[in-house]
Amino acid sequence: MSSPPTSPEPPADLDAFREDTRRWLADACPQSMRGPVPPGEGLNWGGSDQADQSEDSRLWLTRMAEQGFTLPEWPVEYGGGGLNRAEAKILRQELKALRARPALTGVGQLLLGPVLLEVGSETQKLEHLPKIARGQVRWCQGYSEPGAGSDLASLQCRAEDQGHHYLVNGSKLWTSYADRADWIFCLVRTDPDAKKHDGIGFLLIDMKSPGISTSKIRLISGESPFCETFFENVTVPKAQMLGEPTGGWGIAKKLLQYERSAAASLGGSSAVGGGSMLELAKEVVGLQHGTLADPELRLRIAQLKMDQSAMALSARRVGEEKREGTVGGTGAILKYVGTELNKKRYEVLMSILGTQGLGWDGSEYKPRDLATTRAWLRSKANSIEGGTSEIQLNIIAKRVLGMPD
Amino acid sequence: MSSPPTSPEPPADLDAFREDTRRWLADACPQSMRGPVPPGEGLNWGGSDQADQSEDSRLWLTRMAEQGFTLPEWPVEYGGGGLNRAEAKILRQELKALRARPALTGVGQLLLGPVLLEVGSETQKLEHLPKIARGQVRWCQGYSEPGAGSDLASLQCRAEDQGHHYLVNGSKLWTSYADRADWIFCLVRTDPDAKKHDGIGFLLIDMKSPGISTSKIRLISGESPFCETFFENVTVPKAQMLGEPTGGWGIAKKLLQYERSAAASLGGSSAVGGGSMLELAKEVVGLQHGTLADPELRLRIAQLKMDQSAMALSARRVGEEKREGTVGGTGAILKYVGTELNKKRYEVLMSILGTQGLGWDGSEYKPRDLATTRAWLRSKANSIEGGTSEIQLNIIAKRVLGMPD
Amino acid sequence: MALVLTETQTEFRRSVRALLHANSPVSEHRRLRNEADPDGLSRKLWRQMATLGCLGLDTDPDDTGDSTGTESELGGMAELGLVLEQCGRQLAATPMISCILLSSRLLTELGTKRQRALLTEVATGDLLIATAYQEGSRHNPEHVDTVAQLLGDQLSLSGEKRFVIDGHIADWLLVSANIEGLSEPSLGILLVKADSPGVDLTRTTLIDGRNSATVRLNDVKLPRNAVLGDVSPPPHHATVLEEVLARAALAQAAEMMGIAAELFERTQEHLRTREQFGQKLASFQALKHRMAHWYIELELSRSVLMDANSGVDEGRDDWMSLAHHGKARLGRLCSLATAEAVQLHGGIGVTDESDIGLFLKRAKVAELTLGDSSFHTDAYARRLGI
Amino acid sequence: MALVLTETQTEFRRSVRALLHANSPVSEHRRLRNEADPDGLSRKLWRQMATLGCLGLDTDPDDTGDSTGTESELGGMAELGLVLEQCGRQLAATPMISCILLSSRLLTELGTKRQRALLTEVATGDLLIATAYQEGSRHNPEHVDTVAQLLGDQLSLSGEKRFVIDGHIADWLLVSANIEGLSEPSLGILLVKADSPGVDLTRTTLIDGRNSATVRLNDVKLPRNAVLGDVSPPPHHATVLEEVLARAALAQAAEMMGIAAELFERTQEHLRTREQFGQKLASFQALKHRMAHWYIELELSRSVLMDANSGVDEGRDDWMSLAHHGKARLGRLCSLATAEAVQLHGGIGVTDESDIGLFLKRAKVAELTLGDSSFHTDAYARRLGI
């Protein structure tokens with residue numbers, strides 16, 4: 001293990017900050033943490049279970065966390081870097097220039113953290129945020145339930161007020177990585193008599209609490225991070241309720257928006273393993289009279305390419321409009337378009353691969369082809385998870401187009 | 001004018017009937033009444049206004065009506081031919097063999113007649129049916145109203161009970177050929193306080209009654225047979241109510257079914273003027289490397305041809321199932337598929353014609369092209385008239401698939 | 001002509017359905033997959049289907065004898081379609097396409113009496129023959145690099161065949177190859193014992209739990225009469241192969257009809273029972289219209305398949321067009337059906353626990369087997385002359 | 001880069017909208033049609049647009065002079081797109097495509113200083129030039145049978161051009177022809193006075209009430225310098241023509257954007273106000289989802305058009321692909337928009353009394369002008385290398 005690099009000085013001006021940061025990163029980022037993540041390896045999600053992470057990955061996380069660079073814009077007292085916007089941008093640019101992989105990822109950092117910052121009590125912030133920023137605690141989320149589907153608010157998992165603590169009973173579905181998480185944030189029913197959106201609390205629960213168990217969910221594409229998580233008479237201190245005990249729905253909606261904008265980024269890229277879709281098509285299908293030998297597939301590819309470009313441009317336009325303060329309704333289409341397009345993209349890829357894309361495993365199939373096939377199957381869930389396509393269309397009709405219920 | 005041919009003898013057996021009928025038709029059917037109807041000429045709709053019909057057309061109607069052959073299976077006392085099913089089939093075959101055009105058409109013969117036969121009083125039958133069969137009275141139908149759209153039962157045209165007669169006020173939209181019809185059958189509100197389907201009557205009204213006026217409706221395709229018909233204090237004898245004064249909705253539904261099965265027959269044919277769509281495509285678009293020079297259009301044509309074939313086969317299957325007594329839900333799809341397909345067909349034709357299909361009139365465009373363009377515009381109404389596509393989908397979901405409201 | 005089933009056909013369908021229902025429920029398909037069964041299908045079921053006469057439906061009764069139980073009124077694409085549709089509904093893995101539609105048919109069309117003698121054992125379910133026609137990863141039967149070199153009275157067969165359905169358990173193989181050493185090279189179908197020296201079979205497990213094989217042929221020595229029909233040159237083999245593939249594609253389409261219909265009914269049931277936002281899913285108008293659209297496509301497809309099957313059985317001039325239409329249409333129907341079934345089932349639909357995914361996977365394999373919609377639409381358009 | 005409008009652009013759009021709103025409402029389009037106006041458009045409106053600077057947006061300010069009022073920040077596809085989109089919303093009939101996007105641009109790109117002198121009068125709205133490039137009934141600029149035969153210092157021009165937009169009122173024509181008599185035949189664009197002997201113009205009324213002309217050229221005698229650029233041979237005319245047509249197609253797409261957006265808003269309003277079965281049409285979920293789909297396509301199209309316009313203005317390498325994408329996408333959007341608008345308006349939507357049909361007709365003309373979606377998708381695919 002190499003010795004830790006010296007800290008950069010506090011930034012005098014932006015150029016100096018850039019210079020310092022660049023130098024620090026060049027030292028601090030292990031070579032193996034640069035470039036795309038190789039297949040089979042994953043990003044570091046933090047938490048107590050670091051078994052699947054390399055020594056370099058742990059080191060990279062430790063170093064970045066020490067600088068507060070895992071969450072550069074968070075206040076220093078909560079484990080962040082205390083950087084201003086311009087500095088954070090420079091940090092991102094320098095990380096990108098180095099092709100450094102993110103030192104830390106996960107729902108704690110991406111979803112819970114921002115919400116905690118916004119609505120958590122000072123005690124809650126001080127307890128949880130630094131551990132998120134340092135990657136000491138890995139979070140998972142408990143929203144959906146068996147039988148609830150898109151009607152999230154119909155949830156049944158109950159938290160009964162027992163004076164000093166809540167008693168939690170029920171189960172949560174689609175809890176990603178629940179089997180490896182240290183803590184879970186949950187929507188729970190605190191008042192069964194209130195209208196369904198009004199009786200919901202947002203509870204933070206230690207996964208080591210007695211009475212919690214998980215079981216893994218296998219998808220049509222094979223192994224998945226999803227679990228079902230069961231709560232049987234789980235005792236949770238009342239201090240772990242975020243916001244009001246009946247104000248969970250509002251917090252959940254804030255958090256869902258972070259999730260949707262993350263999902264919308266799907267569908268833009270068309271990289272398949274090494275080569276692009278176009279190269280793959282030319283290789284597998286071949287040209288005839290200068291055009292792809294399969295005329296229908298050719299049109300489907302052209303249409304897909306157009307649609308991908310339209311999606312990417314729309315996402316960029318939403319960003320530009322946000323910056324200009326002229327936000328329209330375009331943002332509401334991104335989750336729908338991104339996920340539907342990703343499904344379409346994999347359908348086209350399957351058509352290109354032909355029978356070579358039909359393998360489940362075995363030596364007769366290229367790893368690229370097997371991976372594409374699994375990804376095709378996995379893509380079927382895109383338009384269901386994070387708000388179904390039907391819900392997205394309802395939202396567009398209601399909120400953007402003002403059509404009544 | 002040639003002398004009228006002698007009547008055929010009453011049929012002894014089927015072979016003799018065929019022989020007699022063939023001989024009679026060969027004499028009775030003027031040469032100009034054989035083969036397809038030339039553009040600009042129309043079928044004979046009967047009625048007092050025969051101005052647009054040729055002498056041959058009038059003669060052909062008179063001769064056929066004398067034999068009861070305009071409605072061969074109706075009882076003789078109502079002006080029909082009194083033929084049994086086998087004989088009627090032979091008559092149809094012989095007419096077809098001669099390529100004779102129908103001697104009479106219209107909503108009286110096709111829609112009102114069958115319903116009158118089923119639910120009319122004996123007096124009503126004796127008064128109206130023979131005149132329909134002989135083509136003496138031309139009927140039009142008054143169902144839709146301005147503002148009602150698909151919600152037919154929301155109709156406002158009122159028939160107030162005045163003791164001996166009804167007083168009718170209101171207006172009807174989409175009354176085809178109302179300006180040339182002798183009588184109209186109308187849905188009218190007889191009880192404004194009843195639930196909307198329950199307060200409707202089915203009234204037969206003489207178009208010469210004082211207070212009736214019509215105005216023609218111009219469509220996007222140009223002239224049309226549609227009119228709006230206005231009723232202002234029109235007095236209608238009570239004997240002209242068909243069925244119970246509040247039983248009109250049931251009668252209307254019976255009649256609508258005849259209309260839908262008529263509309264479903266659209267979309268099957270692909271004849272355009274003289275040549276077929278395929279010939280037209282090859283002529284206008286041309287071939288390249290042995291396939292149509294426009295690869296996308298080629299696929300659209302192939303898909304259309306498949307869909308037309310699927311539609312025609314489904315219509316045939318519905319017929320076969322009816323004969324076998326194993327009726328399924330297939331019949332419910334025909335109106336939707338037939339009309340949507342007809343719209344698609346004209347979209348394809350417009351793509352084939354290119355800018356040559358953009359003319360409204362003038363010498364630079366072939367009559368074939370101008371006619372196709374007008375028919376393209378007219379086709380847009382197919383999925384609205386006779387029950388919109390949305391209504392058809394509702395019906396399929398509800399009646400065939402048993403999905404609840 | 002027939003767009004409704006005869007009584008005999010209805011009765012036959014009932015028998016097939018009862019047999020599959022009892023012996024090959026979807027759970028059986030799941031078991032075969034989970035246990036990575038070496039055959040990937042049930043030979044017991046196959047023999048039961050033989051008893052019902054399913055295996056002799058595509059051959060001349062003279063070749064198969066009475067033992068198969070084939071009734072005289074049955075036999076032809078209409079009945080094969082009924083069998084395949086029921087297989088689709090139950091996800092029953094059987095060698096119907098590989099062994100009956102392809103191999104039995106090729107033998108019947110092209111085989112000598114001696115070669116056709118194999119059909120007796122095929123019809124009883126005791127012998128399996130697979131057809132090796134594909135070389136690339138896309139359906140293109142004209143693309144044949146495999147060569148059978150004629151040297152005196154011997155042939156030497158070399159090449160590589162992919163996606164040989166049920167090739168892993170075949171006793172014999174029918175192999176398309178360019179026969180060289182004749183006055184002019186020509187395509188021929190050769191009958192090869194699967195355990196011949198030089199034949200290398202590699203089993204490949206497909207996403208639907210079934211199996212195909214890659215067949216590598218390295219200087220496989222065969223007598224001259226291994227060529228079907230024992231003639232040289234056999235100029236019409238390419239045409240017959242194209243026709244047999246089209247018939248098999250139509251049978252494949254019938255299986256897809258079963259898949260699409262089953263998915264429809266399961267989805268219908270799901271919507272009827274599942275509630276969301278306080279009402280049954282089936283009461284949402286947007287879903288009603290989608291179900292109605294799906295139903296429309298199902299009905300259109302059924303009409304087309306019935307007519308195409310009749311067209312084949314009656315030997316109508318346009319039967320190849322009908323077959324292309326059938327496979328093209330059913331490919332699109334299955335795309336719609338699987339997409340809608342998964343989406344409308346929601347989260348549960350993408351779990352391995354649900355059967356929906358099994359249908360999705362089987363449908364994709366069926367879609368790409370014997371030519372996808374794109375291939376058959378192109379072929380259909382060619383026959384339209386455009 | 002710009003996917004949002006600048007303040008100047010927003011202000012310009014406001015001016016254009018106000019002008020068209022006041023002077024060219026849809027009722028004005030209807031009047032021109034009903035009265036079979038000999039011009040088929042309003043010359044007054046055209047001069048008003050000139051005052052706003054719309055007519056000089058695609059030319060070099062040096063050629064048009066200050067008189068046009070063109071502001072320095074404006075000029076280019078982004079602004080042209082704004083003008084055309086507003087024209088689409090109001091169904092304003094103007095010679096923007098024919099005279100500005102096609103003719104002014106060709107003159108700017110290829111004309112000599114003497115030839116470009118015409119642009120001053122074009123920019124004031126006093127002179128109209130039409131471009132005659134199409135010969136068959138489908139967009140295929142490579143198909144040119146018209147011949148300009150060089151004899152000494154004279155050219156003799158013969159051929160037939162169809163669908164010459166606004167050709168019926170043009171003062172001058174730009175005609176594509178194969179110039180023969182040079183060392184090798186090559187495509188050139190020729191400047192021809194519309195009233196030259198041998199030029200026969202037949203006005204044709206289109207379904208959208210506008211006009212194009214068939215131009216028959218019978219041994220039209222021209223000086224050698226009628227060829228744009230006055231060079232011989234002019235080898236790059238074909239490339240420039242292709243590029244100018246692509247730019248014009250993109251402008252046409254912008255007009256279609258206006259049509260689709262206007263139809264959307266009118267349909268939205270209709271659904272909001274019209275009741276059926278006791279509830280507002282807008283409350284039916286099936287219609288909500290359809291409107292949401294339509295909205296999605298509108299938004300995607302808008303992003304693409306803005307980027308394509310920027311791409312042209314920045315001279316990005318891929319601007320031709322962007323233009324093809326734009327016209328292809330807007331063709332599909334208009335198919336969707338017109339189908340949905342008519343259907344969702346119900347019976348009233350198919351009457352001549354309603355404006356919906358006017359948009360439908362204009363959209364169809366726009367769809368087929370300068371290449372339909374099929375043409376541009378094919379072109380796009382070619383540029384993808386497939």
# chains A, B, ... in the order shown; residues from 1 in each chain; ligands from 1
call {"tool": "interface_residues", "arguments": {"of": "chain C", "to": "chain D", "cutoff": "7 Å", "atoms": "only C-alpha atoms", "output": "list in words"}}
result
Gln285, Ala286 and His289 of chain C
call {"tool": "closest_atom_pairs", "arguments": {"of": "chain A", "to": "chain D", "cutoff": "7 Å", "atoms": "only C-alpha atoms", "output": "JSON lines"}}
result
{"residue": "A:Thr291", "atom": "CA", "partner": "D:Ile386", "partner_atom": "CA", "distance": 4.9}
{"residue": "A:Leu292", "atom": "CA", "partner": "D:Ile386", "partner_atom": "CA", "distance": 5.1}
{"residue": "A:Arg298", "atom": "CA", "partner": "D:Ile386", "partner_atom": "CA", "distance": 6.8}
{"residue": "A:Ala302", "atom": "CA", "partner": "D:Ala381", "partner_atom": "CA", "distance": 5.4}
{"residue": "A:Met306", "atom": "CA", "partner": "D:His325", "partner_atom": "CA", "distance": 6.5}
{"residue": "A:Ala310", "atom": "CA", "partner": "D:Leu300", "partner_atom": "CA", "distance": 5.3}
{"residue": "A:Met311", "atom": "CA", "partner": "D:Leu300", "partner_atom": "CA", "distance": 6.6}
{"residue": "A:Leu313", "atom": "CA", "partner": "D:Ser303", "partner_atom": "CA", "distance": 5.7}
{"residue": "A:Ser314", "atom": "CA", "partner": "D:Ser303", "partner_atom": "CA", "distance": 5.3}
{"residue": "A:Arg317", "atom": "CA", "partner": "D:Leu3", "partner_atom": "CA", "distance": 5.3}
{"residue": "A:Glu320", "atom": "CA", "partner": "D:Val4", "partner_atom": "CA", "distance": 6.7}
{"residue": "A:Glu321", "atom": "CA", "partner": "D:Val4", "partner_atom": "CA", "distance": 6.4}
{"residue": "A:Thr330", "atom": "CA", "partner": "D:Glu299", "partner_atom": "CA", "distance": 6.3}
{"residue": "A:Ile333", "atom": "CA", "partner": "D:Ile296", "partner_atom": "CA", "distance": 6.1}
{"residue": "A:Leu393", "atom": "CA", "partner": "D:His289", "partner_atom": "CA", "distance": 5.7}
{"residue": "A:Asn394", "atom": "CA", "partner": "D:His289", "partner_atom": "CA", "distance": 6.8}
{"residue": "A:Ile396", "atom": "CA", "partner": "D:Ala292", "partner_atom": "CA", "distance": 5.8}
{"residue": "A:Ala397", "atom": "CA", "partner": "D:Ala292", "partner_atom": "CA", "distance": 5.5}
{"residue": "A:Met403", "atom": "CA", "partner": "D:Ala282", "partner_atom": "CA", "distance": 5.5}
{"residue": "A:Pro404", "atom": "CA", "partner": "D:Ser283", "partner_atom": "CA", "distance": 5.2}
{"residue": "A:Asp405", "atom": "CA", "partner": "D:Ser283", "partner_atom": "CA", "distance": 5.4}
call {"tool": "interface_residues", "arguments": {"of": "chain A", "to": "chain B", "cutoff": "12 Å", "atoms": "only C-alpha atoms", "output": "list in words"}}
result
Gln288, His289, Gly290, Thr291, Leu292, Ala293, Asp294, Pro295, Glu296, Leu297, Arg298, Leu299, Arg300, Ala302 and Gln303 of chain A
call {"tool": "select_by_dssp", "arguments": {"residues": "region 39-255 of chain D", "states": "alpha helix (DSSP H)", "output": "PyMOL selection string"}}
result
chain D and resi 43-52+61-64+77-90+105-110+113-116+118-123+237-255
call {"tool": "residues_around", "arguments": {"residues": "region 361-370 of chain A", "least_positions_apart": "2", "cutoff": "12 Å", "atoms": "only C-alpha atoms", "output": "CSV table (one decimal) with N, CA, C and O atoms, in the first residue's frame"}}
result
chain,number,residue,atom,x,y,z
A,39,PRO,N,-15.9,-5.5,-16.7
A,39,PRO,CA,-17.1,-6.4,-16.4
A,39,PRO,C,-16.7,-7.3,-15.2
A,39,PRO,O,-15.6,-7.7,-15.1
A,40,GLY,N,-17.7,-7.5,-14.4
A,40,GLY,CA,-17.5,-8.3,-13.2
A,40,GLY,C,-17.1,-7.5,-12.0
A,40,GLY,O,-17.3,-8.0,-10.9
A,221,SER,N,-33.7,-12.0,-16.3
A,221,SER,CA,-32.4,-11.9,-16.8
A,221,SER,C,-31.4,-12.6,-15.9
A,221,SER,O,-30.2,-12.6,-16.2
A,222,GLY,N,-31.8,-13.2,-14.8
A,222,GLY,CA,-30.9,-13.9,-13.9
A,222,GLY,C,-30.8,-13.2,-12.6
A,222,GLY,O,-31.7,-12.5,-12.1
A,271,ALA,N,-23.5,2.1,-27.1
A,271,ALA,CA,-22.4,1.3,-27.1
A,271,ALA,C,-22.8,-0.1,-26.7
A,271,ALA,O,-23.5,-0.3,-25.8
A,272,VAL,N,-22.3,-1.1,-27.4
A,272,VAL,CA,-22.5,-2.5,-27.1
A,272,VAL,C,-21.2,-3.2,-26.9
A,272,VAL,O,-20.5,-3.3,-27.9
A,273,GLY,N,-20.8,-3.5,-25.7
A,273,GLY,CA,-19.5,-4.1,-25.6
A,273,GLY,C,-18.5,-3.2,-26.2
A,273,GLY,O,-18.4,-2.0,-26.0
A,274,GLY,N,-17.7,-3.8,-27.2
A,274,GLY,CA,-16.7,-3.0,-27.8
A,274,GLY,C,-17.2,-2.1,-28.9
A,274,GLY,O,-16.9,-0.9,-28.9
A,275,GLY,N,-17.9,-2.6,-29.9
A,275,GLY,CA,-18.2,-1.8,-31.1
A,275,GLY,C,-19.6,-1.2,-31.0
A,275,GLY,O,-20.4,-1.4,-30.0
A,276,SER,N,-19.9,-0.4,-31.9
A,276,SER,CA,-21.2,0.3,-31.9
A,276,SER,C,-22.2,-0.6,-32.6
A,276,SER,O,-21.9,-1.5,-33.3
A,280,LEU,N,-21.8,-3.4,-35.5
A,280,LEU,CA,-22.3,-4.8,-35.3
A,280,LEU,C,-23.2,-5.2,-36.4
A,280,LEU,O,-23.1,-6.3,-36.9
A,284,VAL,N,-22.6,-8.4,-38.7
A,284,VAL,CA,-23.5,-9.5,-38.7
A,284,VAL,C,-24.4,-9.6,-39.9
A,284,VAL,O,-24.6,-10.7,-40.5
A,346,TYR,N,-32.6,-2.5,-27.3
A,346,TYR,CA,-32.3,-3.9,-27.1
A,346,TYR,C,-33.1,-4.9,-28.0
A,346,TYR,O,-32.6,-5.9,-28.5
A,349,LEU,N,-31.1,-4.7,-31.1
A,349,LEU,CA,-29.8,-5.4,-31.0
A,349,LEU,C,-30.1,-6.9,-31.1
A,349,LEU,O,-29.4,-7.7,-31.8
A,350,MET,N,-31.2,-7.4,-30.5
A,350,MET,CA,-31.6,-8.8,-30.7
A,350,MET,C,-31.8,-9.2,-32.1
A,350,MET,O,-31.5,-10.3,-32.6
A,351,SER,N,-32.5,-8.3,-32.8
A,351,SER,CA,-32.7,-8.6,-34.3
A,351,SER,C,-31.4,-8.6,-35.0
A,351,SER,O,-31.3,-9.4,-35.9
A,352,ILE,N,-30.5,-7.8,-34.7
A,352,ILE,CA,-29.2,-7.8,-35.4
A,352,ILE,C,-28.5,-9.1,-35.1
A,352,ILE,O,-28.0,-9.8,-36.0
A,353,LEU,N,-28.5,-9.5,-33.8
A,353,LEU,CA,-27.7,-10.7,-33.4
A,353,LEU,C,-28.3,-12.0,-34.0
A,353,LEU,O,-27.6,-13.0,-34.2
A,354,GLY,N,-29.6,-12.0,-34.2
A,354,GLY,CA,-30.2,-13.2,-34.8
A,354,GLY,C,-30.1,-14.3,-33.8
A,354,GLY,O,-30.1,-14.1,-32.6
A,355,THR,N,-30.0,-15.5,-34.3
A,355,THR,CA,-30.0,-16.7,-33.4
A,355,THR,C,-28.7,-16.7,-32.5
A,355,THR,O,-28.7,-17.3,-31.4
A,356,GLN,N,-27.7,-15.9,-32.8
A,356,GLN,CA,-26.6,-15.8,-32.0
A,356,GLN,C,-26.9,-15.1,-30.6
A,356,GLN,O,-26.1,-15.1,-29.7
A,357,GLY,N,-28.0,-14.4,-30.6
A,357,GLY,CA,-28.5,-13.7,-29.4
A,357,GLY,C,-29.4,-14.5,-28.6
A,357,GLY,O,-29.9,-14.0,-27.6
A,358,LEU,N,-29.6,-15.8,-28.9
A,358,LEU,CA,-30.5,-16.6,-28.2
A,358,LEU,C,-29.9,-17.5,-27.1
A,358,LEU,O,-30.6,-18.3,-26.5
A,359,GLY,N,-28.6,-17.4,-26.9
A,359,GLY,CA,-27.9,-18.2,-26.0
A,359,GLY,C,-28.1,-17.8,-24.5
A,359,GLY,O,-28.1,-16.6,-24.3
A,372,THR,N,-25.4,-9.0,-24.1
A,372,THR,CA,-26.5,-8.2,-24.7
A,372,THR,C,-27.8,-8.9,-24.5
A,372,THR,O,-28.8,-8.2,-24.2
A,373,THR,N,-27.9,-10.2,-24.5
A,373,THR,CA,-29.1,-10.9,-24.3
A,373,THR,C,-29.7,-10.7,-22.9
A,373,THR,O,-30.9,-10.4,-22.7
A,374,ARG,N,-28.8,-10.8,-21.9
A,374,ARG,CA,-29.2,-10.6,-20.5
A,374,ARG,C,-29.7,-9.1,-20.4
A,374,ARG,O,-30.7,-8.9,-19.7
A,375,ALA,N,-28.9,-8.2,-21.0
A,375,ALA,CA,-29.3,-6.8,-20.9
A,375,ALA,C,-30.7,-6.5,-21.6
A,375,ALA,O,-31.5,-5.7,-21.1
A,376,TRP,N,-30.9,-7.3,-22.7
A,376,TRP,CA,-32.2,-7.2,-23.3
A,376,TRP,C,-33.3,-7.6,-22.3
A,376,TRP,O,-34.3,-6.8,-22.2
A,377,LEU,N,-33.1,-8.7,-21.7
A,377,LEU,CA,-34.1,-9.1,-20.7
A,377,LEU,C,-34.3,-8.1,-19.5
A,377,LEU,O,-35.4,-7.8,-19.1
C,36,ALA,N,-31.5,-28.4,-15.7
C,36,ALA,CA,-30.6,-28.5,-16.8
C,36,ALA,C,-30.7,-30.0,-17.4
C,36,ALA,O,-29.7,-30.6,-17.6
C,137,SER,N,-25.6,-16.4,-38.3
C,137,SER,CA,-26.5,-16.2,-37.1
C,137,SER,C,-27.9,-15.7,-37.6
C,137,SER,O,-28.7,-15.4,-36.7
C,161,LYS,N,-22.4,-26.0,-39.0
C,161,LYS,CA,-23.8,-25.6,-39.0
C,161,LYS,C,-24.2,-25.1,-37.6
C,161,LYS,O,-23.7,-25.7,-36.6
C,162,ARG,N,-24.9,-24.1,-37.6
C,162,ARG,CA,-25.3,-23.5,-36.3
C,162,ARG,C,-26.8,-23.6,-36.1
C,162,ARG,O,-27.6,-23.8,-37.0
C,163,PHE,N,-27.2,-23.4,-34.8
C,163,PHE,CA,-28.6,-23.4,-34.5
C,163,PHE,C,-29.3,-24.6,-35.0
C,163,PHE,O,-30.4,-24.4,-35.6
C,201,LEU,N,-20.7,-32.5,-32.2
C,201,LEU,CA,-22.0,-31.9,-31.8
C,201,LEU,C,-21.7,-31.1,-30.5
C,201,LEU,O,-21.3,-31.7,-29.5
C,202,THR,N,-21.9,-29.8,-30.5
C,202,THR,CA,-21.8,-29.0,-29.3
C,202,THR,C,-23.1,-28.5,-28.9
C,202,THR,O,-23.8,-27.8,-29.6
C,203,ARG,N,-23.6,-28.9,-27.7
C,203,ARG,CA,-24.9,-28.5,-27.2
C,203,ARG,C,-24.9,-27.0,-26.8
C,203,ARG,O,-23.9,-26.6,-26.2
C,204,THR,N,-25.9,-26.3,-27.2
C,204,THR,CA,-26.0,-24.9,-26.7
C,204,THR,C,-27.3,-24.7,-26.1
C,204,THR,O,-28.4,-25.1,-26.6
C,205,THR,N,-27.3,-24.1,-24.9
C,205,THR,CA,-28.5,-23.9,-24.1
C,205,THR,C,-29.1,-22.6,-24.5
C,205,THR,O,-28.4,-21.5,-24.4
C,206,LEU,N,-30.4,-22.5,-24.9
C,206,LEU,CA,-31.0,-21.3,-25.3
C,206,LEU,C,-31.7,-20.6,-24.1
C,206,LEU,O,-31.9,-21.2,-23.1
C,207,ILE,N,-32.1,-19.4,-24.3
C,207,ILE,CA,-32.7,-18.6,-23.3
C,207,ILE,C,-34.0,-19.3,-22.9
C,207,ILE,O,-34.5,-19.1,-21.7
C,208,ASP,N,-34.7,-20.0,-23.7
C,208,ASP,CA,-35.9,-20.6,-23.4
C,208,ASP,C,-35.8,-22.0,-22.7
C,208,ASP,O,-36.7,-22.7,-22.6
C,209,GLY,N,-34.5,-22.3,-22.4
C,209,GLY,CA,-34.2,-23.6,-21.7
C,209,GLY,C,-34.2,-24.7,-22.7
C,209,GLY,O,-33.9,-25.9,-22.3
C,210,ARG,N,-34.4,-24.5,-23.9
C,210,ARG,CA,-34.3,-25.6,-24.9
C,210,ARG,C,-32.9,-25.6,-25.4
C,210,ARG,O,-32.0,-24.9,-25.0
C,211,ASN,N,-32.7,-26.5,-26.4
C,211,ASN,CA,-31.3,-26.7,-26.8
C,211,ASN,C,-31.2,-26.8,-28.3
C,211,ASN,O,-32.1,-27.2,-29.0
C,212,SER,N,-30.1,-26.2,-28.8
C,212,SER,CA,-29.8,-26.5,-30.2
C,212,SER,C,-28.3,-26.9,-30.1
C,212,SER,O,-27.7,-27.0,-29.1
C,213,ALA,N,-27.8,-27.2,-31.3
C,213,ALA,CA,-26.4,-27.6,-31.3
C,213,ALA,C,-25.6,-26.9,-32.4
C,213,ALA,O,-26.2,-26.5,-33.4
C,214,THR,N,-24.3,-26.7,-32.2
C,214,THR,CA,-23.5,-26.4,-33.3
C,214,THR,C,-22.9,-27.7,-33.8
C,214,THR,O,-22.5,-28.6,-33.0
C,215,VAL,N,-23.0,-27.9,-35.1
C,215,VAL,CA,-22.6,-29.2,-35.7
C,215,VAL,C,-21.3,-28.9,-36.6
C,215,VAL,O,-21.4,-28.1,-37.5
C,216,ARG,N,-20.2,-29.4,-36.2
C,216,ARG,CA,-19.0,-29.3,-37.0
C,216,ARG,C,-18.7,-30.6,-37.7
C,216,ARG,O,-18.7,-31.6,-37.1
